[in-house]
file query08.txt (compact mmCIF, C-alpha atoms)
# COMPACT_ATOMS: atom_id res chain seq x y z
CA MET A 1 -91.43 -1.32 -42.43
CA VAL A 2 -94.37 -3.71 -41.90
CA LEU A 3 -97.65 -2.03 -41.12
CA ASN A 4 -100.25 -3.61 -38.88
CA ILE A 5 -103.66 -3.21 -40.49
CA CYS A 6 -106.00 -2.46 -37.61
CA PRO A 7 -108.43 -5.35 -37.08
CA PRO A 8 -112.22 -5.10 -36.75
CA GLY A 9 -113.36 -3.57 -33.49
CA THR A 10 -110.54 -1.02 -33.50
CA PHE A 11 -109.80 2.31 -35.12
CA VAL A 12 -106.64 4.03 -36.28
CA TYR A 13 -105.46 6.93 -34.16
CA SER A 14 -102.74 9.39 -35.17
CA VAL A 15 -100.56 10.39 -32.23
CA ARG A 16 -100.67 14.08 -31.37
CA GLN A 17 -98.34 16.27 -29.37
CA GLY A 18 -98.55 15.46 -25.67
CA ASP A 19 -100.11 12.02 -26.13
CA THR A 20 -99.05 9.11 -23.97
CA LEU A 21 -100.44 5.60 -23.86
CA TRP A 22 -101.80 6.30 -20.40
CA LEU A 23 -103.66 9.41 -21.59
CA LEU A 24 -105.00 7.55 -24.64
CA ALA A 25 -106.15 4.62 -22.53
CA ASP A 26 -108.02 7.01 -20.23
CA ARG A 27 -109.49 9.02 -23.12
CA PHE A 28 -110.81 5.99 -24.98
CA ASN A 29 -111.88 3.97 -21.95
CA THR A 30 -109.40 1.16 -22.52
CA THR A 31 -106.12 0.01 -20.96
CA VAL A 32 -102.47 0.52 -21.79
CA GLU A 33 -102.12 -3.26 -21.94
CA ASP A 34 -104.84 -3.55 -24.60
CA ILE A 35 -103.21 -0.82 -26.69
CA LEU A 36 -99.82 -2.50 -26.41
CA ASN A 37 -101.32 -5.85 -27.42
CA LEU A 38 -102.77 -4.26 -30.55
CA ASN A 39 -99.51 -2.51 -31.41
CA PRO A 40 -96.65 -4.96 -30.82
CA GLY A 41 -93.20 -3.48 -30.98
CA ILE A 42 -94.08 0.12 -30.11
CA ASP A 43 -92.08 1.90 -27.45
CA PRO A 44 -94.60 3.29 -24.94
CA ASP A 45 -92.11 5.93 -23.86
CA ARG A 46 -91.28 7.13 -27.37
CA LEU A 47 -94.48 7.87 -29.25
CA ALA A 48 -93.93 10.00 -32.36
CA ILE A 49 -96.32 12.68 -33.57
CA GLY A 50 -98.24 11.23 -36.52
CA GLN A 51 -97.53 7.64 -35.49
CA GLN A 52 -100.48 5.36 -36.28
CA LEU A 53 -101.88 3.26 -33.42
CA CYS A 54 -104.72 0.75 -33.33
CA ILE A 55 -107.11 1.60 -30.50
CA PRO A 56 -109.94 -0.69 -29.33
CA MET A 57 -113.45 0.67 -29.74
CA ILE A 58 -115.21 0.30 -26.40
CA GLU A 59 -118.95 0.72 -25.96
CA SER A 60 -119.50 3.02 -23.00
CA ASP A 61 -121.60 5.84 -21.64
CA ILE A 62 -118.74 8.31 -21.89
CA ASP A 63 -119.60 11.41 -23.93
CA PHE A 64 -116.83 11.73 -26.49
CA ASP A 65 -116.25 14.80 -28.59
CA PRO A 66 -118.64 14.17 -31.53
CA VAL A 67 -116.00 15.26 -34.04
CA ILE A 68 -113.43 12.82 -32.67
CA ASP A 69 -116.12 10.16 -32.38
CA LEU A 70 -117.13 10.40 -36.06
CA ASN A 71 -113.52 10.56 -37.23
CA ASN A 72 -112.68 7.46 -35.23
CA LEU A 73 -115.76 5.61 -36.49
CA SER A 74 -115.00 6.47 -40.11
CA ARG A 75 -111.36 5.42 -39.71
CA SER A 76 -112.43 2.20 -38.02
CA LEU A 77 -114.77 1.31 -40.89
CA TRP A 78 -112.18 2.01 -43.57
CA SER A 79 -109.55 0.09 -41.60
CA GLU A 80 -111.94 -2.86 -41.39
CA HIS A 81 -112.56 -2.59 -45.12
CA LEU A 82 -108.82 -2.82 -45.72
CA PHE A 83 -108.46 -5.65 -43.20
CA TRP A 84 -111.07 -7.81 -44.95
CA SER A 85 -109.80 -6.88 -48.43
CA ASP A 86 -106.36 -8.07 -47.36
CA ASN A 87 -107.77 -11.31 -45.95
CA ILE A 88 -109.80 -12.00 -49.09
CA ILE A 89 -106.77 -11.40 -51.31
CA LEU A 90 -104.58 -13.66 -49.18
CA GLY A 91 -107.32 -16.30 -49.18
CA ILE A 92 -107.67 -16.25 -52.96
CA ILE A 93 -103.92 -16.72 -53.39
CA PHE A 94 -103.03 -19.05 -50.54
CA ALA A 95 -106.23 -20.60 -49.13
CA PRO A 96 -109.09 -20.67 -51.67
CA THR A 97 -111.27 -22.86 -49.46
CA ILE A 98 -111.82 -20.04 -46.95
CA VAL A 99 -112.43 -17.23 -49.44
CA GLU A 100 -116.22 -17.40 -49.28
CA ALA A 101 -116.17 -17.13 -45.50
CA MET A 102 -113.88 -14.11 -45.79
CA ARG A 103 -116.22 -12.54 -48.33
CA GLU A 104 -119.18 -12.94 -45.99
CA LYS A 105 -117.28 -11.25 -43.18
CA GLY A 106 -116.24 -8.50 -45.55
CA LEU A 107 -119.87 -7.87 -46.52
CA GLU A 108 -120.63 -7.07 -42.89
CA ASN A 109 -118.37 -4.06 -43.32
CA ALA A 110 -120.78 -2.62 -45.91
CA SER A 111 -123.60 -2.95 -43.39
CA ASP A 112 -121.50 -1.17 -40.78
CA PHE A 113 -120.97 1.74 -43.18
CA ALA A 114 -124.73 1.81 -43.80
CA GLU A 115 -125.39 2.02 -40.08
CA MET A 116 -123.14 5.08 -39.83
CA PHE A 117 -124.97 6.72 -42.74
CA LEU A 118 -128.44 5.91 -41.40
CA ASP A 119 -128.70 8.82 -38.96
CA TYR A 120 -127.66 11.36 -41.58
CA TYR A 121 -129.12 10.14 -44.87
CA GLY A 122 -131.92 7.75 -44.00
CA ARG A 123 -132.63 4.10 -44.70
CA ASP A 124 -133.00 4.40 -48.48
CA PHE A 125 -129.49 5.81 -48.88
CA ALA A 126 -128.05 3.27 -46.43
CA GLU A 127 -129.62 0.36 -48.30
CA LYS A 128 -128.43 1.69 -51.67
CA PHE A 129 -124.89 2.04 -50.34
CA THR A 130 -124.94 -1.48 -48.93
CA THR A 131 -126.13 -2.91 -52.25
CA ILE A 132 -123.53 -1.03 -54.29
CA ASP A 133 -120.72 -1.62 -51.82
CA ARG A 134 -121.15 -5.39 -52.08
CA ASP A 135 -119.64 -5.14 -55.56
CA TRP A 136 -117.61 -2.01 -55.10
CA PHE A 137 -114.70 -3.30 -57.17
CA GLN A 138 -117.05 -3.05 -60.16
CA ASN A 139 -119.03 -0.07 -58.88
CA ALA A 140 -116.53 2.64 -57.96
CA ASP A 141 -118.32 5.07 -60.30
CA ASN A 142 -121.71 4.32 -58.75
CA ILE A 143 -120.38 4.68 -55.21
CA ALA A 144 -118.82 8.04 -56.08
CA ARG A 145 -122.07 9.16 -57.71
CA LEU A 146 -124.26 8.07 -54.78
CA LEU A 147 -122.06 9.85 -52.27
CA SER A 148 -121.69 13.07 -54.26
CA GLU A 149 -125.42 13.30 -55.02
CA ASN A 150 -126.27 13.22 -51.33
CA ASN A 151 -123.61 15.51 -49.89
CA PRO A 152 -122.52 18.79 -51.54
CA PHE A 153 -119.15 18.51 -49.82
CA TRP A 154 -118.39 15.13 -51.40
CA ASN A 155 -117.11 15.76 -54.89
CA TYR A 156 -117.79 13.07 -57.50
CA ASP A 157 -114.43 13.41 -59.24
CA GLU A 158 -112.53 13.34 -55.95
CA TRP A 159 -114.34 10.23 -54.73
CA ARG A 160 -113.92 8.54 -58.09
CA GLU A 161 -110.19 9.27 -58.14
CA MET A 162 -109.72 8.06 -54.57
CA LEU A 163 -111.65 4.83 -55.18
CA TYR A 164 -109.81 4.02 -58.40
CA THR A 165 -106.49 4.83 -56.76
CA HIS A 166 -107.41 2.43 -53.96
CA LEU A 167 -108.27 -0.29 -56.46
CA GLN A 168 -105.00 0.19 -58.31
CA MET A 169 -103.06 0.02 -55.06
CA LEU A 170 -104.80 -3.25 -54.18
CA LYS A 171 -103.88 -4.61 -57.62
CA ASN A 172 -100.26 -3.61 -57.00
CA TYR A 173 -100.41 -5.41 -53.66
CA VAL A 174 -101.61 -8.58 -55.39
CA SER A 175 -98.85 -8.27 -57.98
CA TYR A 176 -96.16 -8.06 -55.31
CA LEU A 177 -97.67 -11.01 -53.46
CA LEU A 178 -97.59 -13.13 -56.62
CA THR A 179 -94.02 -12.16 -57.46
CA ALA A 180 -92.85 -12.69 -53.87
CA SER A 181 -91.43 -9.17 -53.65
CA SER A 182 -91.76 -9.21 -49.88
CA ASN A 183 -89.32 -6.35 -49.41
CA GLN A 184 -91.91 -4.04 -50.98
CA LEU A 185 -94.98 -5.30 -49.12
CA GLY A 186 -94.48 -3.18 -46.02
CA ASP A 187 -94.34 0.04 -48.02
CA ILE A 188 -97.37 -0.96 -50.11
CA LEU A 189 -99.44 -1.80 -47.04
CA GLN A 190 -98.43 1.46 -45.41
CA ASP A 191 -99.47 3.40 -48.51
CA LEU A 192 -102.78 1.50 -48.62
CA GLN A 193 -103.46 2.28 -44.98
CA MET A 194 -102.70 5.98 -45.39
CA GLN A 195 -104.83 6.22 -48.52
CA ALA A 196 -107.75 4.47 -46.81
CA LEU A 197 -107.44 6.86 -43.87
CA ALA A 198 -107.51 9.80 -46.27
CA MET A 199 -110.85 8.52 -47.62
CA ALA A 200 -112.09 8.02 -44.07
CA ASP A 201 -111.21 11.59 -43.12
CA TYR A 202 -112.75 12.98 -46.32
CA MET A 203 -115.95 11.07 -45.59
CA ALA A 204 -116.13 12.28 -41.99
CA GLU A 205 -115.31 15.86 -42.94
CA GLY A 206 -118.11 15.88 -45.52
CA ILE A 207 -120.66 14.70 -42.97
CA MET A 208 -119.54 17.27 -40.41
CA ARG A 209 -119.70 20.10 -42.95
CA GLN A 210 -123.16 19.05 -44.10
CA PHE A 211 -124.55 18.62 -40.58
CA PRO A 212 -122.62 21.17 -38.48
CA GLU A 213 -125.39 21.34 -35.88
CA ASP A 214 -124.64 17.74 -34.88
CA PHE A 215 -121.04 18.58 -34.09
CA ASP A 216 -121.29 21.87 -32.24
CA GLU A 217 -119.89 21.57 -28.75
call {"tool": "encode", "arguments": {"input": "query08.txt", "output": "structure tokens"}}
result
Amino acid sequence: MVLNICPPGTFVYSVRQGDTLWLLADRFNTTVEDILNLNPGIDPDRLAIGQQLCIPMIESDIDFDPVIDLNNLSRSLWSEHLFWSDNIILGIIFAPTIVEAMREKGLENASDFAEMFLDYYGRDFAEKFTTIDRDWFQNADNIARLLSENNPFWNYDEWREMLYTHLQMLKNYVSYLLTASSNQLGDILQDLQMQALAMADYMAEGIMRQFPEDFDE
């Protein structure tokens, strides 16, 4: 199974009971055609509960449920992180001349995370996260510490374990690329995506638990 890593400007949505592409297009102010273009090969008449879809993020004046909105934003940011990590890895192996450009695009992802944090934790925290995140392969401990020190619902050990697991999974991905074990790549990418989404959901849940007044309907 080959997994499509959702590109920048989209977020990952898990299909729920009763969902159809038409309902999702209406809910997220997009079109069925755009969803189909982002998810080639899906059967619009046979969506499965738990199936992962890429959904375009559309700027609009529609008032979304703040819980869904934050979850989608967090998932979008982590999906973008994985997208650029994948592109940087592929560039290093197959196209070294474009790696620096990929790195620069990847750094924008750190700034996008900081923008999400800004409303909740202020500019100082956002700037610290951006600085650390630029070298997060070397700074998993510092990222876990920064997050846990600013949110009582973000546990240091849990963040540290998730970040190191993510790094190890990326290393495994590189190993399979170098050994041309293409039959394993689909499963590895799927596991990477699911693990990144778990971090996204943990991040969003922590914010919602710390600032419940912002998410009361």
call {"tool": "residues_around", "arguments": {"input": "query08.txt", "residues": "stretch 150-152 of chain A", "least_positions_apart": "6", "cutoff": "12 Å", "atoms": "only C-alpha atoms", "output": "PyMOL selection string"}}
result
chain A and resi 117+120-122+124-126+128-129+143-144+159+202-211
call {"tool": "atom_distance", "arguments": {"input": "query08.txt", "atom1": "atom CA of A:Leu197", "atom2": "atom CA of A:Arg75"}}
result
5.9 Å
call {"tool": "closest_atom_pairs", "arguments": {"input": "query08.txt", "of": "stretch 130-207 of chain A", "to": "stretch 87-94 of chain A", "cutoff": "10 Å", "atoms": "all atoms listed in the file", "output": "Markdown table"}}
result
| residue | atom | partner | partner_atom | distance |
| --- | --- | --- | --- | --- |
| A:Leu170 | CA | A:Ile89 | CA | 8.9 |
| A:Lys171 | CA | A:Ile89 | CA | 9.7 |
| A:Tyr173 | CA | A:Ile89 | CA | 9.0 |
| A:Val174 | CA | A:Ile89 | CA | 7.2 |
| A:Leu177 | CA | A:Ile93 | CA | 8.5 |
| A:Leu178 | CA | A:Ile93 | CA | 8.0 |
call {"tool": "closest_residue", "arguments": {"input": "query08.txt", "among": "A:Tyr176, A:Phe153, A:Phe113, A:Tyr164", "to": "A:Ser79", "atoms": "only C-alpha atoms"}}
result
A:Phe113
call {"tool": "closest_residue", "arguments": {"input": "query08.txt", "among": "A:Val12, A:Pro44, A:Cys6, A:Arg160", "to": "A:Ser148", "atoms": "all atoms listed in the file"}}
result
A:Arg160
call {"tool": "closest_atom_pairs", "arguments": {"input": "query08.txt", "of": "stretch 69-88 of chain A", "to": "stretch 189-196 of chain A", "cutoff": "12 Å", "atoms": "all atoms listed in the file", "output": "tab-separated table"}}
result
residue	atom	partner	partner_atom	distance
A:Ser74	CA	A:Ala196	CA	10.1
A:Arg75	CA	A:Ala196	CA	8.0
A:Ser76	CA	A:Ala196	CA	10.2
A:Leu77	CA	A:Ala196	CA	9.7
A:Trp78	CA	A:Ala196	CA	6.0
A:Ser79	CA	A:Ala196	CA	7.0
A:Glu80	CA	A:Ala196	CA	10.0
A:His81	CA	A:Ala196	CA	8.7
A:Leu82	CA	A:Gln193	CA	7.4
A:Phe83	CA	A:Gln193	CA	9.5
A:Ser85	CA	A:Leu192	CA	10.9
A:Asp86	CA	A:Leu189	CA	9.3
call {"tool": "atom_distance", "arguments": {"input": "query08.txt", "atom1": "atom CA of A:Thr30", "atom2": "atom CA of A:Pro56"}}
result
7.1 Å
call {"tool": "atom_distance", "arguments": {"input": "query08.txt", "atom1": "atom CA of A:Val15", "atom2": "atom CA of A:Leu70"}}
result
17.0 Å
call {"tool": "residues_around", "arguments": {"input": "query08.txt", "residues": "stretch 36-39 of chain A", "least_positions_apart": "5", "cutoff": "12 Å", "atoms": "only C-alpha atoms", "output": "PDB file with C-alpha atoms, keeping the file's coordinate frame"}}
result
ATOM      1  CA  VAL A   2     -94.370  -3.710 -41.900  1.00  0.00           C
ATOM      2  CA  LEU A   3     -97.650  -2.030 -41.120  1.00  0.00           C
ATOM      3  CA  ASN A   4    -100.250  -3.610 -38.880  1.00  0.00           C
ATOM      4  CA  ILE A   5    -103.660  -3.210 -40.490  1.00  0.00           C
ATOM      5  CA  CYS A   6    -106.000  -2.460 -37.610  1.00  0.00           C
ATOM      6  CA  PRO A   7    -108.430  -5.350 -37.080  1.00  0.00           C
ATOM      7  CA  PRO A   8    -112.220  -5.100 -36.750  1.00  0.00           C
ATOM      8  CA  GLY A   9    -113.360  -3.570 -33.490  1.00  0.00           C
ATOM      9  CA  THR A  10    -110.540  -1.020 -33.500  1.00  0.00           C
ATOM     10  CA  PHE A  11    -109.800   2.310 -35.120  1.00  0.00           C
ATOM     11  CA  VAL A  12    -106.640   4.030 -36.280  1.00  0.00           C
ATOM     12  CA  TYR A  13    -105.460   6.930 -34.160  1.00  0.00           C
ATOM     13  CA  THR A  20     -99.050   9.110 -23.970  1.00  0.00           C
ATOM     14  CA  LEU A  21    -100.440   5.600 -23.860  1.00  0.00           C
ATOM     15  CA  TRP A  22    -101.800   6.300 -20.400  1.00  0.00           C
ATOM     16  CA  LEU A  24    -105.000   7.550 -24.640  1.00  0.00           C
ATOM     17  CA  ALA A  25    -106.150   4.620 -22.530  1.00  0.00           C
ATOM     18  CA  THR A  30    -109.400   1.160 -22.520  1.00  0.00           C
ATOM     19  CA  THR A  31    -106.120   0.010 -20.960  1.00  0.00           C
ATOM     20  CA  PRO A  44     -94.600   3.290 -24.940  1.00  0.00           C
ATOM     21  CA  ASP A  45     -92.110   5.930 -23.860  1.00  0.00           C
ATOM     22  CA  LEU A  47     -94.480   7.870 -29.250  1.00  0.00           C
ATOM     23  CA  GLN A  51     -97.530   7.640 -35.490  1.00  0.00           C
ATOM     24  CA  GLN A  52    -100.480   5.360 -36.280  1.00  0.00           C
ATOM     25  CA  LEU A  53    -101.880   3.260 -33.420  1.00  0.00           C
ATOM     26  CA  CYS A  54    -104.720   0.750 -33.330  1.00  0.00           C
ATOM     27  CA  ILE A  55    -107.110   1.600 -30.500  1.00  0.00           C
ATOM     28  CA  PRO A  56    -109.940  -0.690 -29.330  1.00  0.00           C
ATOM     29  CA  MET A  57    -113.450   0.670 -29.740  1.00  0.00           C
TER      30      MET A  57
END
call {"tool": "closest_residue", "arguments": {"input": "query08.txt", "among": "A:Asn172, A:Met199, A:Ala110, A:Arg27", "to": "A:Asn71", "atoms": "all atoms listed in the file"}}
result
A:Met199
call {"tool": "closest_residue", "arguments": {"input": "query08.txt", "among": "A:Arg123, A:Ile188, A:Trp154, A:Phe215", "to": "A:Pro66", "atoms": "all atoms listed in the file"}}
result
A:Phe215
call {"tool": "build_atoms", "arguments": {"input": "query08.txt", "residues": "stretch 31-54 of chain A", "atoms": "N, CA and C atoms", "output": "mmCIF file, in the coordinates of the input"}}
result
data_model
loop_
_atom_site.group_PDB
_atom_site.id
_atom_site.type_symbol
_atom_site.label_atom_id
_atom_site.label_comp_id
_atom_site.auth_asym_id
_atom_site.auth_seq_id
_atom_site.Cartn_x
_atom_site.Cartn_y
_atom_site.Cartn_z
ATOM 1 N N THR A 31 -107.293 0.163 -21.831
ATOM 2 C CA THR A 31 -106.120 0.010 -20.960
ATOM 3 C C THR A 31 -104.849 0.109 -21.795
ATOM 4 N N VAL A 32 -103.777 0.478 -21.127
ATOM 5 C CA VAL A 32 -102.470 0.520 -21.790
ATOM 6 C C VAL A 32 -102.122 -0.871 -22.311
ATOM 7 N N GLU A 33 -102.427 -1.890 -21.526
ATOM 8 C CA GLU A 33 -102.120 -3.260 -21.940
ATOM 9 C C GLU A 33 -102.823 -3.623 -23.243
ATOM 10 N N ASP A 34 -104.105 -3.241 -23.368
ATOM 11 C CA ASP A 34 -104.840 -3.550 -24.600
ATOM 12 C C ASP A 34 -104.242 -2.816 -25.797
ATOM 13 N N ILE A 35 -103.833 -1.569 -25.593
ATOM 14 C CA ILE A 35 -103.210 -0.820 -26.690
ATOM 15 C C ILE A 35 -101.894 -1.457 -27.098
ATOM 16 N N LEU A 36 -101.104 -1.856 -26.115
ATOM 17 C CA LEU A 36 -99.820 -2.500 -26.410
ATOM 18 C C LEU A 36 -100.030 -3.825 -27.150
ATOM 19 N N ASN A 37 -101.047 -4.574 -26.758
ATOM 20 C CA ASN A 37 -101.320 -5.850 -27.420
ATOM 21 C C ASN A 37 -101.697 -5.659 -28.886
ATOM 22 N N LEU A 38 -102.369 -4.551 -29.172
ATOM 23 C CA LEU A 38 -102.770 -4.260 -30.550
ATOM 24 C C LEU A 38 -101.638 -3.676 -31.381
ATOM 25 N N ASN A 39 -100.605 -3.195 -30.707
ATOM 26 C CA ASN A 39 -99.510 -2.510 -31.410
ATOM 27 C C ASN A 39 -98.164 -3.073 -30.962
ATOM 28 N N PRO A 40 -97.904 -4.345 -31.271
ATOM 29 C CA PRO A 40 -96.650 -4.960 -30.820
ATOM 30 C C PRO A 40 -95.434 -4.236 -31.386
ATOM 31 N N GLY A 41 -94.454 -4.079 -30.529
ATOM 32 C CA GLY A 41 -93.200 -3.480 -30.980
ATOM 33 C C GLY A 41 -93.091 -1.983 -30.744
ATOM 34 N N ILE A 42 -94.192 -1.324 -30.348
ATOM 35 C CA ILE A 42 -94.080 0.120 -30.110
ATOM 36 C C ILE A 42 -93.388 0.365 -28.776
ATOM 37 N N ASP A 43 -92.721 1.489 -28.690
ATOM 38 C CA ASP A 43 -92.080 1.900 -27.450
ATOM 39 C C ASP A 43 -93.028 2.851 -26.728
ATOM 40 N N PRO A 44 -93.608 2.437 -25.609
ATOM 41 C CA PRO A 44 -94.600 3.290 -24.940
ATOM 42 C C PRO A 44 -94.036 4.612 -24.448
ATOM 43 N N ASP A 45 -92.729 4.700 -24.338
ATOM 44 C CA ASP A 45 -92.110 5.930 -23.860
ATOM 45 C C ASP A 45 -91.608 6.823 -24.991
ATOM 46 N N ARG A 46 -91.788 6.365 -26.232
ATOM 47 C CA ARG A 46 -91.280 7.130 -27.370
ATOM 48 C C ARG A 46 -92.304 7.179 -28.499
ATOM 49 N N LEU A 47 -93.481 7.695 -28.205
ATOM 50 C CA LEU A 47 -94.480 7.870 -29.250
ATOM 51 C C LEU A 47 -94.096 9.070 -30.115
ATOM 52 N N ALA A 48 -94.283 8.925 -31.426
ATOM 53 C CA ALA A 48 -93.930 10.000 -32.360
ATOM 54 C C ALA A 48 -95.199 10.659 -32.882
ATOM 55 N N ILE A 49 -95.176 11.964 -33.011
ATOM 56 C CA ILE A 49 -96.320 12.680 -33.570
ATOM 57 C C ILE A 49 -96.597 12.157 -34.977
ATOM 58 N N GLY A 50 -97.853 11.803 -35.232
ATOM 59 C CA GLY A 50 -98.240 11.230 -36.520
ATOM 60 C C GLY A 50 -98.178 9.721 -36.566
ATOM 61 N N GLN A 51 -97.599 9.102 -35.541
ATOM 62 C CA GLN A 51 -97.530 7.640 -35.490
ATOM 63 C C GLN A 51 -98.941 7.055 -35.446
ATOM 64 N N GLN A 52 -99.164 5.979 -36.197
ATOM 65 C CA GLN A 52 -100.480 5.360 -36.280
ATOM 66 C C GLN A 52 -100.597 4.227 -35.251
ATOM 67 N N LEU A 53 -101.628 4.298 -34.422
ATOM 68 C CA LEU A 53 -101.880 3.260 -33.420
ATOM 69 C C LEU A 53 -103.270 2.677 -33.622
ATOM 70 N N CYS A 54 -103.398 1.382 -33.369
ATOM 71 C CA CYS A 54 -104.720 0.750 -33.330
ATOM 72 C C CYS A 54 -105.262 0.879 -31.911
#
